[in-house]
Amino acid sequence: MDRSSLEELLTPITSADDPTSYSVRVAVLPDGERPEAGDWHAAEWRTVDGTPHASLLIGPGGAVQLGPGVYRTWIEITAPPEKPVVASPRFQIT
């Protein structure tokens, strides 16, 4: 993804149950970092080919603007009593 692009960043979630009725937050951080309280952004759910994805608009004017580098998304799903946190594979911003 180019750093000047404004795009929806989709992170697929594998789950035994449909998670889309629960709230979801996304943190986008350089690879090797873990999210802290201020890193989280409210996200939305999108379903693509039957798979739920956490969606966050990134780039100029989006929730997060990233410089060149390698990043990961962290997904937090609030599904009481559980609150799983899942990391994505790495991706590149050019």
# chains A, B, ... in the order shown; residues from 1 in each chain; ligands from 1
>>> residues_around(residues="Glu7 in chain A", least_positions_apart="5", cutoff="12 Å", atoms="only C-alpha atoms", output="MDAnalysis selection string")
chainID A and resid 1:2 55:66 93
>>> residues_around(residues="range 20-35 of chain A", least_positions_apart="5", cutoff="9 Å", atoms="only C-alpha atoms", output="ChimeraX atom specification")
/A:40-47,52-56,64,66,69-80,90-91
>>> atom_distance(atom1="CA of Ser4 in chain A", atom2="CA of Asp39 in chain A")
20.9 Å
>>> closest_residue(among="A:Gly50, A:Pro89, A:Gly67, A:Gly38", to="Asp18 in chain A", atoms="only C-alpha atoms")
A:Gly50
>>> select_by_dssp(residues="range 5-81 of chain A", states="strand (DSSP E or B)", output="PDB file with N, CA, C and O atoms, in the first residue's frame")
ATOM      1  N   GLU A   7      -7.187   4.267   2.101  1.00  0.00           N
ATOM      2  CA  GLU A   7      -7.807   2.982   1.809  1.00  0.00           C
ATOM      3  C   GLU A   7      -8.361   2.324   3.060  1.00  0.00           C
ATOM      4  O   GLU A   7      -7.883   2.571   4.159  1.00  0.00           O
ATOM      5  N   GLU A   8      -9.320   1.438   2.821  1.00  0.00           N
ATOM      6  CA  GLU A   8      -9.864   0.611   3.886  1.00  0.00           C
ATOM      7  C   GLU A   8      -8.894  -0.558   4.096  1.00  0.00           C
ATOM      8  O   GLU A   8      -8.599  -1.303   3.174  1.00  0.00           O
ATOM      9  N   LEU A   9      -8.377  -0.661   5.297  1.00  0.00           N
ATOM     10  CA  LEU A   9      -7.485  -1.765   5.663  1.00  0.00           C
ATOM     11  C   LEU A   9      -8.357  -2.869   6.257  1.00  0.00           C
ATOM     12  O   LEU A   9      -9.027  -2.659   7.271  1.00  0.00           O
ATOM     13  N   LEU A  10      -8.382  -4.024   5.613  1.00  0.00           N
ATOM     14  CA  LEU A  10      -9.214  -5.150   6.042  1.00  0.00           C
ATOM     15  C   LEU A  10      -8.345  -6.237   6.648  1.00  0.00           C
ATOM     16  O   LEU A  10      -7.380  -6.677   6.020  1.00  0.00           O
ATOM     17  N   THR A  11      -8.699  -6.668   7.846  1.00  0.00           N
ATOM     18  CA  THR A  11      -7.985  -7.759   8.513  1.00  0.00           C
ATOM     19  C   THR A  11      -8.970  -8.898   8.740  1.00  0.00           C
ATOM     20  O   THR A  11      -9.936  -8.742   9.493  1.00  0.00           O
ATOM     21  N   PRO A  12      -8.756 -10.056   8.082  1.00  0.00           N
ATOM     22  CA  PRO A  12      -9.689 -11.176   8.244  1.00  0.00           C
ATOM     23  C   PRO A  12      -9.600 -11.784   9.640  1.00  0.00           C
ATOM     24  O   PRO A  12      -8.530 -11.841  10.232  1.00  0.00           O
ATOM     25  N   SER A  23     -18.347  -5.372  19.306  1.00  0.00           N
ATOM     26  CA  SER A  23     -17.554  -4.196  18.945  1.00  0.00           C
ATOM     27  C   SER A  23     -16.118  -4.627  18.649  1.00  0.00           C
ATOM     28  O   SER A  23     -15.614  -5.600  19.208  1.00  0.00           O
ATOM     29  N   VAL A  24     -15.491  -3.878  17.751  1.00  0.00           N
ATOM     30  CA  VAL A  24     -14.130  -4.200  17.333  1.00  0.00           C
ATOM     31  C   VAL A  24     -13.306  -2.921  17.286  1.00  0.00           C
ATOM     32  O   VAL A  24     -13.801  -1.863  16.913  1.00  0.00           O
ATOM     33  N   ARG A  25     -12.050  -3.047  17.723  1.00  0.00           N
ATOM     34  CA  ARG A  25     -11.095  -1.942  17.645  1.00  0.00           C
ATOM     35  C   ARG A  25      -9.836  -2.450  16.962  1.00  0.00           C
ATOM     36  O   ARG A  25      -9.504  -3.629  17.049  1.00  0.00           O
ATOM     37  N   VAL A  26      -9.145  -1.528  16.291  1.00  0.00           N
ATOM     38  CA  VAL A  26      -7.931  -1.874  15.557  1.00  0.00           C
ATOM     39  C   VAL A  26      -6.806  -0.929  15.966  1.00  0.00           C
ATOM     40  O   VAL A  26      -7.017   0.276  16.094  1.00  0.00           O
ATOM     41  N   ALA A  27      -5.621  -1.485  16.158  1.00  0.00           N
ATOM     42  CA  ALA A  27      -4.397  -0.705  16.338  1.00  0.00           C
ATOM     43  C   ALA A  27      -3.467  -1.078  15.183  1.00  0.00           C
ATOM     44  O   ALA A  27      -3.373  -2.251  14.828  1.00  0.00           O
ATOM     45  N   VAL A  28      -2.831  -0.098  14.593  1.00  0.00           N
ATOM     46  CA  VAL A  28      -1.880  -0.340  13.502  1.00  0.00           C
ATOM     47  C   VAL A  28      -0.534   0.171  13.976  1.00  0.00           C
ATOM     48  O   VAL A  28      -0.366   1.366  14.227  1.00  0.00           O
ATOM     49  N   LEU A  29       0.414  -0.767  14.098  1.00  0.00           N
ATOM     50  CA  LEU A  29       1.707  -0.423  14.693  1.00  0.00           C
ATOM     51  C   LEU A  29       2.866  -1.000  13.894  1.00  0.00           C
ATOM     52  O   LEU A  29       2.711  -2.026  13.213  1.00  0.00           O
ATOM     53  N   PRO A  30       4.041  -0.379  13.998  1.00  0.00           N
ATOM     54  CA  PRO A  30       5.221  -0.972  13.380  1.00  0.00           C
ATOM     55  C   PRO A  30       5.425  -2.396  13.902  1.00  0.00           C
ATOM     56  O   PRO A  30       5.144  -2.684  15.075  1.00  0.00           O
ATOM     57  N   HIS A  41      -8.317   2.190  17.754  1.00  0.00           N
ATOM     58  CA  HIS A  41      -9.285   2.994  16.997  1.00  0.00           C
ATOM     59  C   HIS A  41     -10.545   2.167  16.781  1.00  0.00           C
ATOM     60  O   HIS A  41     -10.464   0.976  16.459  1.00  0.00           O
ATOM     61  N   ALA A  42     -11.702   2.809  16.955  1.00  0.00           N
ATOM     62  CA  ALA A  42     -12.965   2.126  16.678  1.00  0.00           C
ATOM     63  C   ALA A  42     -12.978   1.698  15.214  1.00  0.00           C
ATOM     64  O   ALA A  42     -12.610   2.471  14.326  1.00  0.00           O
ATOM     65  N   GLU A  44     -14.960  -1.067  12.091  1.00  0.00           N
ATOM     66  CA  GLU A  44     -16.224  -1.628  11.630  1.00  0.00           C
ATOM     67  C   GLU A  44     -15.978  -3.034  11.120  1.00  0.00           C
ATOM     68  O   GLU A  44     -14.842  -3.426  10.866  1.00  0.00           O
ATOM     69  N   TRP A  45     -17.061  -3.759  10.953  1.00  0.00           N
ATOM     70  CA  TRP A  45     -16.976  -5.093  10.362  1.00  0.00           C
ATOM     71  C   TRP A  45     -17.378  -5.033   8.895  1.00  0.00           C
ATOM     72  O   TRP A  45     -18.307  -4.321   8.528  1.00  0.00           O
ATOM     73  N   ARG A  46     -16.678  -5.789   8.055  1.00  0.00           N
ATOM     74  CA  ARG A  46     -17.034  -6.021   6.653  1.00  0.00           C
ATOM     75  C   ARG A  46     -16.953  -7.530   6.441  1.00  0.00           C
ATOM     76  O   ARG A  46     -16.030  -8.171   6.935  1.00  0.00           O
ATOM     77  N   THR A  47     -17.881  -8.069   5.689  1.00  0.00           N
ATOM     78  CA  THR A  47     -17.826  -9.489   5.365  1.00  0.00           C
ATOM     79  C   THR A  47     -17.475  -9.615   3.889  1.00  0.00           C
ATOM     80  O   THR A  47     -18.144  -9.029   3.030  1.00  0.00           O
ATOM     81  N   VAL A  48     -16.400 -10.337   3.602  1.00  0.00           N
ATOM     82  CA  VAL A  48     -15.920 -10.535   2.242  1.00  0.00           C
ATOM     83  C   VAL A  48     -15.891 -12.037   1.979  1.00  0.00           C
ATOM     84  O   VAL A  48     -15.190 -12.775   2.691  1.00  0.00           O
ATOM     85  N   THR A  51     -16.235 -14.248   4.981  1.00  0.00           N
ATOM     86  CA  THR A  51     -15.265 -14.111   6.074  1.00  0.00           C
ATOM     87  C   THR A  51     -15.365 -12.719   6.690  1.00  0.00           C
ATOM     88  O   THR A  51     -15.282 -11.724   5.972  1.00  0.00           O
ATOM     89  N   PRO A  52     -15.536 -12.627   8.016  1.00  0.00           N
ATOM     90  CA  PRO A  52     -15.575 -11.308   8.650  1.00  0.00           C
ATOM     91  C   PRO A  52     -14.186 -10.673   8.663  1.00  0.00           C
ATOM     92  O   PRO A  52     -13.180 -11.347   8.890  1.00  0.00           O
ATOM     93  N   HIS A  53     -14.154  -9.373   8.409  1.00  0.00           N
ATOM     94  CA  HIS A  53     -12.919  -8.586   8.423  1.00  0.00           C
ATOM     95  C   HIS A  53     -13.129  -7.361   9.299  1.00  0.00           C
ATOM     96  O   HIS A  53     -14.166  -6.704   9.205  1.00  0.00           O
ATOM     97  N   ALA A  54     -12.141  -7.037  10.124  1.00  0.00           N
ATOM     98  CA  ALA A  54     -12.119  -5.763  10.835  1.00  0.00           C
ATOM     99  C   ALA A  54     -11.654  -4.718   9.828  1.00  0.00           C
ATOM    100  O   ALA A  54     -10.671  -4.927   9.116  1.00  0.00           O
ATOM    101  N   SER A  55     -12.358  -3.602   9.762  1.00  0.00           N
ATOM    102  CA  SER A  55     -12.088  -2.581   8.755  1.00  0.00           C
ATOM    103  C   SER A  55     -11.738  -1.254   9.414  1.00  0.00           C
ATOM    104  O   SER A  55     -12.439  -0.795  10.318  1.00  0.00           O
ATOM    105  N   LEU A  56     -10.653  -0.630   8.931  1.00  0.00           N
ATOM    106  CA  LEU A  56     -10.240   0.682   9.415  1.00  0.00           C
ATOM    107  C   LEU A  56      -9.716   1.476   8.229  1.00  0.00           C
ATOM    108  O   LEU A  56      -8.908   0.966   7.433  1.00  0.00           O
ATOM    109  N   LEU A  57     -10.170   2.719   8.080  1.00  0.00           N
ATOM    110  CA  LEU A  57      -9.703   3.580   7.009  1.00  0.00           C
ATOM    111  C   LEU A  57      -8.350   4.167   7.404  1.00  0.00           C
ATOM    112  O   LEU A  57      -8.224   4.799   8.455  1.00  0.00           O
ATOM    113  N   ILE A  58      -7.332   3.922   6.572  1.00  0.00           N
ATOM    114  CA  ILE A  58      -5.992   4.438   6.877  1.00  0.00           C
ATOM    115  C   ILE A  58      -5.478   5.294   5.724  1.00  0.00           C
ATOM    116  O   ILE A  58      -5.908   5.146   4.587  1.00  0.00           O
ATOM    117  N   VAL A  64      -5.617   6.515  10.799  1.00  0.00           N
ATOM    118  CA  VAL A  64      -4.171   6.407  11.021  1.00  0.00           C
ATOM    119  C   VAL A  64      -3.469   6.777   9.718  1.00  0.00           C
ATOM    120  O   VAL A  64      -3.892   6.353   8.639  1.00  0.00           O
ATOM    121  N   GLY A  69       7.286   1.594   5.897  1.00  0.00           N
ATOM    122  CA  GLY A  69       7.735   0.632   6.893  1.00  0.00           C
ATOM    123  C   GLY A  69       6.905  -0.631   6.878  1.00  0.00           C
ATOM    124  O   GLY A  69       6.017  -0.812   6.043  1.00  0.00           O
ATOM    125  N   VAL A  70       7.206  -1.503   7.817  1.00  0.00           N
ATOM    126  CA  VAL A  70       6.503  -2.778   7.973  1.00  0.00           C
ATOM    127  C   VAL A  70       5.627  -2.676   9.218  1.00  0.00           C
ATOM    128  O   VAL A  70       6.103  -2.281  10.287  1.00  0.00           O
ATOM    129  N   TYR A  71       4.368  -3.049   9.072  1.00  0.00           N
ATOM    130  CA  TYR A  71       3.378  -2.887  10.135  1.00  0.00           C
ATOM    131  C   TYR A  71       2.599  -4.175  10.375  1.00  0.00           C
ATOM    132  O   TYR A  71       2.644  -5.107   9.574  1.00  0.00           O
ATOM    133  N   ARG A  72       1.844  -4.183  11.464  1.00  0.00           N
ATOM    134  CA  ARG A  72       0.855  -5.210  11.788  1.00  0.00           C
ATOM    135  C   ARG A  72      -0.391  -4.506  12.294  1.00  0.00           C
ATOM    136  O   ARG A  72      -0.294  -3.455  12.920  1.00  0.00           O
ATOM    137  N   THR A  73      -1.536  -5.133  12.069  1.00  0.00           N
ATOM    138  CA  THR A  73      -2.741  -4.673  12.755  1.00  0.00           C
ATOM    139  C   THR A  73      -2.954  -5.581  13.956  1.00  0.00           C
ATOM    140  O   THR A  73      -2.588  -6.757  13.951  1.00  0.00           O
ATOM    141  N   TRP A  74      -3.513  -4.993  14.982  1.00  0.00           N
ATOM    142  CA  TRP A  74      -3.940  -5.725  16.178  1.00  0.00           C
ATOM    143  C   TRP A  74      -5.438  -5.515  16.273  1.00  0.00           C
ATOM    144  O   TRP A  74      -5.917  -4.379  16.187  1.00  0.00           O
ATOM    145  N   ILE A  75      -6.182  -6.589  16.415  1.00  0.00           N
ATOM    146  CA  ILE A  75      -7.634  -6.541  16.467  1.00  0.00           C
ATOM    147  C   ILE A  75      -8.083  -6.916  17.877  1.00  0.00           C
ATOM    148  O   ILE A  75      -7.654  -7.943  18.402  1.00  0.00           O
ATOM    149  N   GLU A  76      -8.943  -6.090  18.463  1.00  0.00           N
ATOM    150  CA  GLU A  76      -9.507  -6.376  19.778  1.00  0.00           C
ATOM    151  C   GLU A  76     -11.032  -6.473  19.624  1.00  0.00           C
ATOM    152  O   GLU A  76     -11.671  -5.527  19.156  1.00  0.00           O
ATOM    153  N   ILE A  77     -11.579  -7.617  20.007  1.00  0.00           N
ATOM    154  CA  ILE A  77     -13.012  -7.856  19.906  1.00  0.00           C
ATOM    155  C   ILE A  77     -13.573  -7.940  21.320  1.00  0.00           C
ATOM    156  O   ILE A  77     -13.095  -8.731  22.130  1.00  0.00           O
ATOM    157  N   THR A  78     -14.577  -7.121  21.608  1.00  0.00           N
ATOM    158  CA  THR A  78     -15.210  -7.158  22.924  1.00  0.00           C
ATOM    159  C   THR A  78     -16.424  -8.068  22.839  1.00  0.00           C
ATOM    160  O   THR A  78     -17.456  -7.693  22.287  1.00  0.00           O
ATOM    161  N   ALA A  79     -16.264  -9.298  23.337  1.00  0.00           N
ATOM    162  CA  ALA A  79     -17.296 -10.337  23.297  1.00  0.00           C
ATOM    163  C   ALA A  79     -17.449 -10.896  24.703  1.00  0.00           C
ATOM    164  O   ALA A  79     -16.950 -11.976  25.009  1.00  0.00           O
TER     165      ALA A  79
END
>>> closest_residue(among="A:Asp17, A:Ser88, A:Thr94, A:Pro81", to="Arg3 in chain A", atoms="only C-alpha atoms")
A:Thr94
>>> select_by_dssp(residues="chain A", states="helix (DSSP H, G or I)", output="list in words")
Pro19, Thr20, Ser21, Ala37, Gly38 and Asp39 of chain A
>>> write_last_selection(atoms="C-alpha atoms", output="CSV table (one decimal), in the first residue's frame")
chain,number,residue,atom,x,y,z
A,19,PRO,CA,-18.0,-12.0,15.6
A,20,THR,CA,-19.7,-9.2,13.7
A,21,SER,CA,-22.3,-8.5,16.4
A,37,ALA,CA,-4.3,2.2,25.4
A,38,GLY,CA,-4.0,5.2,23.1
A,39,ASP,CA,-3.3,3.1,20.0
>>> decode(residues="range 18-50 of chain A", atoms="N, CA, C and O atoms", output="short mmCIF file (atom, residue, chain, number, x, y, z; two decimals), in the first residue's frame")
data_model
loop_
_atom_site.label_atom_id
_atom_site.label_comp_id
_atom_site.auth_asym_id
_atom_site.auth_seq_id
_atom_site.Cartn_x
_atom_site.Cartn_y
_atom_site.Cartn_z
N ASP A 18 -19.82 -16.14 14.49
CA ASP A 18 -19.81 -14.86 13.79
C ASP A 18 -19.51 -13.73 14.80
O ASP A 18 -20.32 -13.48 15.69
N PRO A 19 -18.38 -13.04 14.68
CA PRO A 19 -18.03 -11.99 15.65
C PRO A 19 -18.63 -10.63 15.33
O PRO A 19 -18.47 -9.69 16.11
N THR A 20 -19.34 -10.49 14.20
CA THR A 20 -19.73 -9.16 13.74
C THR A 20 -20.78 -8.46 14.59
O THR A 20 -21.03 -7.28 14.39
N SER A 21 -21.37 -9.14 15.55
CA SER A 21 -22.31 -8.47 16.45
C SER A 21 -21.59 -7.80 17.63
O SER A 21 -22.19 -7.06 18.40
N TYR A 22 -20.29 -8.02 17.74
CA TYR A 22 -19.49 -7.46 18.83
C TYR A 22 -18.73 -6.22 18.36
O TYR A 22 -18.45 -6.06 17.17
N SER A 23 -18.35 -5.37 19.31
CA SER A 23 -17.55 -4.20 18.95
C SER A 23 -16.12 -4.63 18.65
O SER A 23 -15.61 -5.60 19.21
N VAL A 24 -15.49 -3.88 17.75
CA VAL A 24 -14.13 -4.20 17.33
C VAL A 24 -13.31 -2.92 17.29
O VAL A 24 -13.80 -1.86 16.91
N ARG A 25 -12.05 -3.05 17.72
CA ARG A 25 -11.10 -1.94 17.65
C ARG A 25 -9.84 -2.45 16.96
O ARG A 25 -9.50 -3.63 17.05
N VAL A 26 -9.14 -1.53 16.29
CA VAL A 26 -7.93 -1.87 15.56
C VAL A 26 -6.81 -0.93 15.97
O VAL A 26 -7.02 0.28 16.09
N ALA A 27 -5.62 -1.49 16.16
CA ALA A 27 -4.40 -0.71 16.34
C ALA A 27 -3.47 -1.08 15.18
O ALA A 27 -3.37 -2.25 14.83
N VAL A 28 -2.83 -0.10 14.59
CA VAL A 28 -1.88 -0.34 13.50
C VAL A 28 -0.53 0.17 13.98
O VAL A 28 -0.37 1.37 14.23
N LEU A 29 0.41 -0.77 14.10
CA LEU A 29 1.71 -0.42 14.69
C LEU A 29 2.87 -1.00 13.89
O LEU A 29 2.71 -2.03 13.21
N PRO A 30 4.04 -0.38 14.00
CA PRO A 30 5.22 -0.97 13.38
C PRO A 30 5.43 -2.40 13.90
O PRO A 30 5.14 -2.68 15.07
N ASP A 31 5.89 -3.26 13.02
CA ASP A 31 6.15 -4.65 13.39
C ASP A 31 7.07 -4.69 14.60
O ASP A 31 8.05 -3.96 14.67
N GLY A 32 6.73 -5.52 15.57
CA GLY A 32 7.53 -5.66 16.78
C GLY A 32 6.99 -4.88 17.96
O GLY A 32 7.44 -5.08 19.08
N GLU A 33 6.04 -3.96 17.71
CA GLU A 33 5.44 -3.20 18.81
C GLU A 33 4.10 -3.80 19.19
O GLU A 33 3.42 -4.40 18.36
N ARG A 34 3.73 -3.62 20.47
CA ARG A 34 2.43 -4.09 20.97
C ARG A 34 1.58 -2.87 21.30
O ARG A 34 2.10 -1.84 21.71
N PRO A 35 0.27 -2.97 21.14
CA PRO A 35 -0.60 -1.81 21.37
C PRO A 35 -0.71 -1.41 22.84
O PRO A 35 -0.68 -2.26 23.73
N GLU A 36 -0.81 -0.11 23.04
CA GLU A 36 -1.10 0.46 24.35
C GLU A 36 -2.46 1.15 24.26
O GLU A 36 -3.04 1.26 23.16
N ALA A 37 -2.96 1.64 25.36
CA ALA A 37 -4.33 2.18 25.43
C ALA A 37 -4.64 3.22 24.33
O ALA A 37 -5.69 3.18 23.72
N GLY A 38 -3.72 4.12 24.05
CA GLY A 38 -3.98 5.18 23.07
C GLY A 38 -3.85 4.77 21.61
O GLY A 38 -4.10 5.59 20.73
N ASP A 39 -3.46 3.54 21.36
CA ASP A 39 -3.25 3.07 19.98
C ASP A 39 -4.52 2.56 19.31
O ASP A 39 -4.54 2.38 18.09
N TRP A 40 -5.56 2.29 20.08
CA TRP A 40 -6.76 1.65 19.54
C TRP A 40 -7.69 2.65 18.86
O TRP A 40 -7.86 3.77 19.32
N HIS A 41 -8.32 2.19 17.75
CA HIS A 41 -9.28 2.99 17.00
C HIS A 41 -10.55 2.17 16.78
O HIS A 41 -10.46 0.98 16.46
N ALA A 42 -11.70 2.81 16.95
CA ALA A 42 -12.97 2.13 16.68
C ALA A 42 -12.98 1.70 15.21
O ALA A 42 -12.61 2.47 14.33
N ALA A 43 -13.38 0.47 14.97
CA ALA A 43 -13.40 -0.08 13.62
C ALA A 43 -14.80 -0.60 13.30
O ALA A 43 -15.69 -0.55 14.15
N GLU A 44 -14.96 -1.07 12.09
CA GLU A 44 -16.22 -1.63 11.63
C GLU A 44 -15.98 -3.03 11.12
O GLU A 44 -14.84 -3.43 10.87
N TRP A 45 -17.06 -3.76 10.95
CA TRP A 45 -16.98 -5.09 10.36
C TRP A 45 -17.38 -5.03 8.90
O TRP A 45 -18.31 -4.32 8.53
N ARG A 46 -16.68 -5.79 8.05
CA ARG A 46 -17.03 -6.02 6.65
C ARG A 46 -16.95 -7.53 6.44
O ARG A 46 -16.03 -8.17 6.94
N THR A 47 -17.88 -8.07 5.69
CA THR A 47 -17.83 -9.49 5.36
C THR A 47 -17.47 -9.62 3.89
O THR A 47 -18.14 -9.03 3.03
N VAL A 48 -16.40 -10.34 3.60
CA VAL A 48 -15.92 -10.54 2.24
C VAL A 48 -15.89 -12.04 1.98
O VAL A 48 -15.19 -12.78 2.69
N ASP A 49 -16.66 -12.48 1.00
CA ASP A 49 -16.74 -13.91 0.66
C ASP A 49 -17.02 -14.77 1.88
O ASP A 49 -16.43 -15.83 2.06
N GLY A 50 -17.90 -14.28 2.76
CA GLY A 50 -18.30 -15.04 3.94
C GLY A 50 -17.36 -14.95 5.13
O GLY A 50 -17.64 -15.51 6.18
#
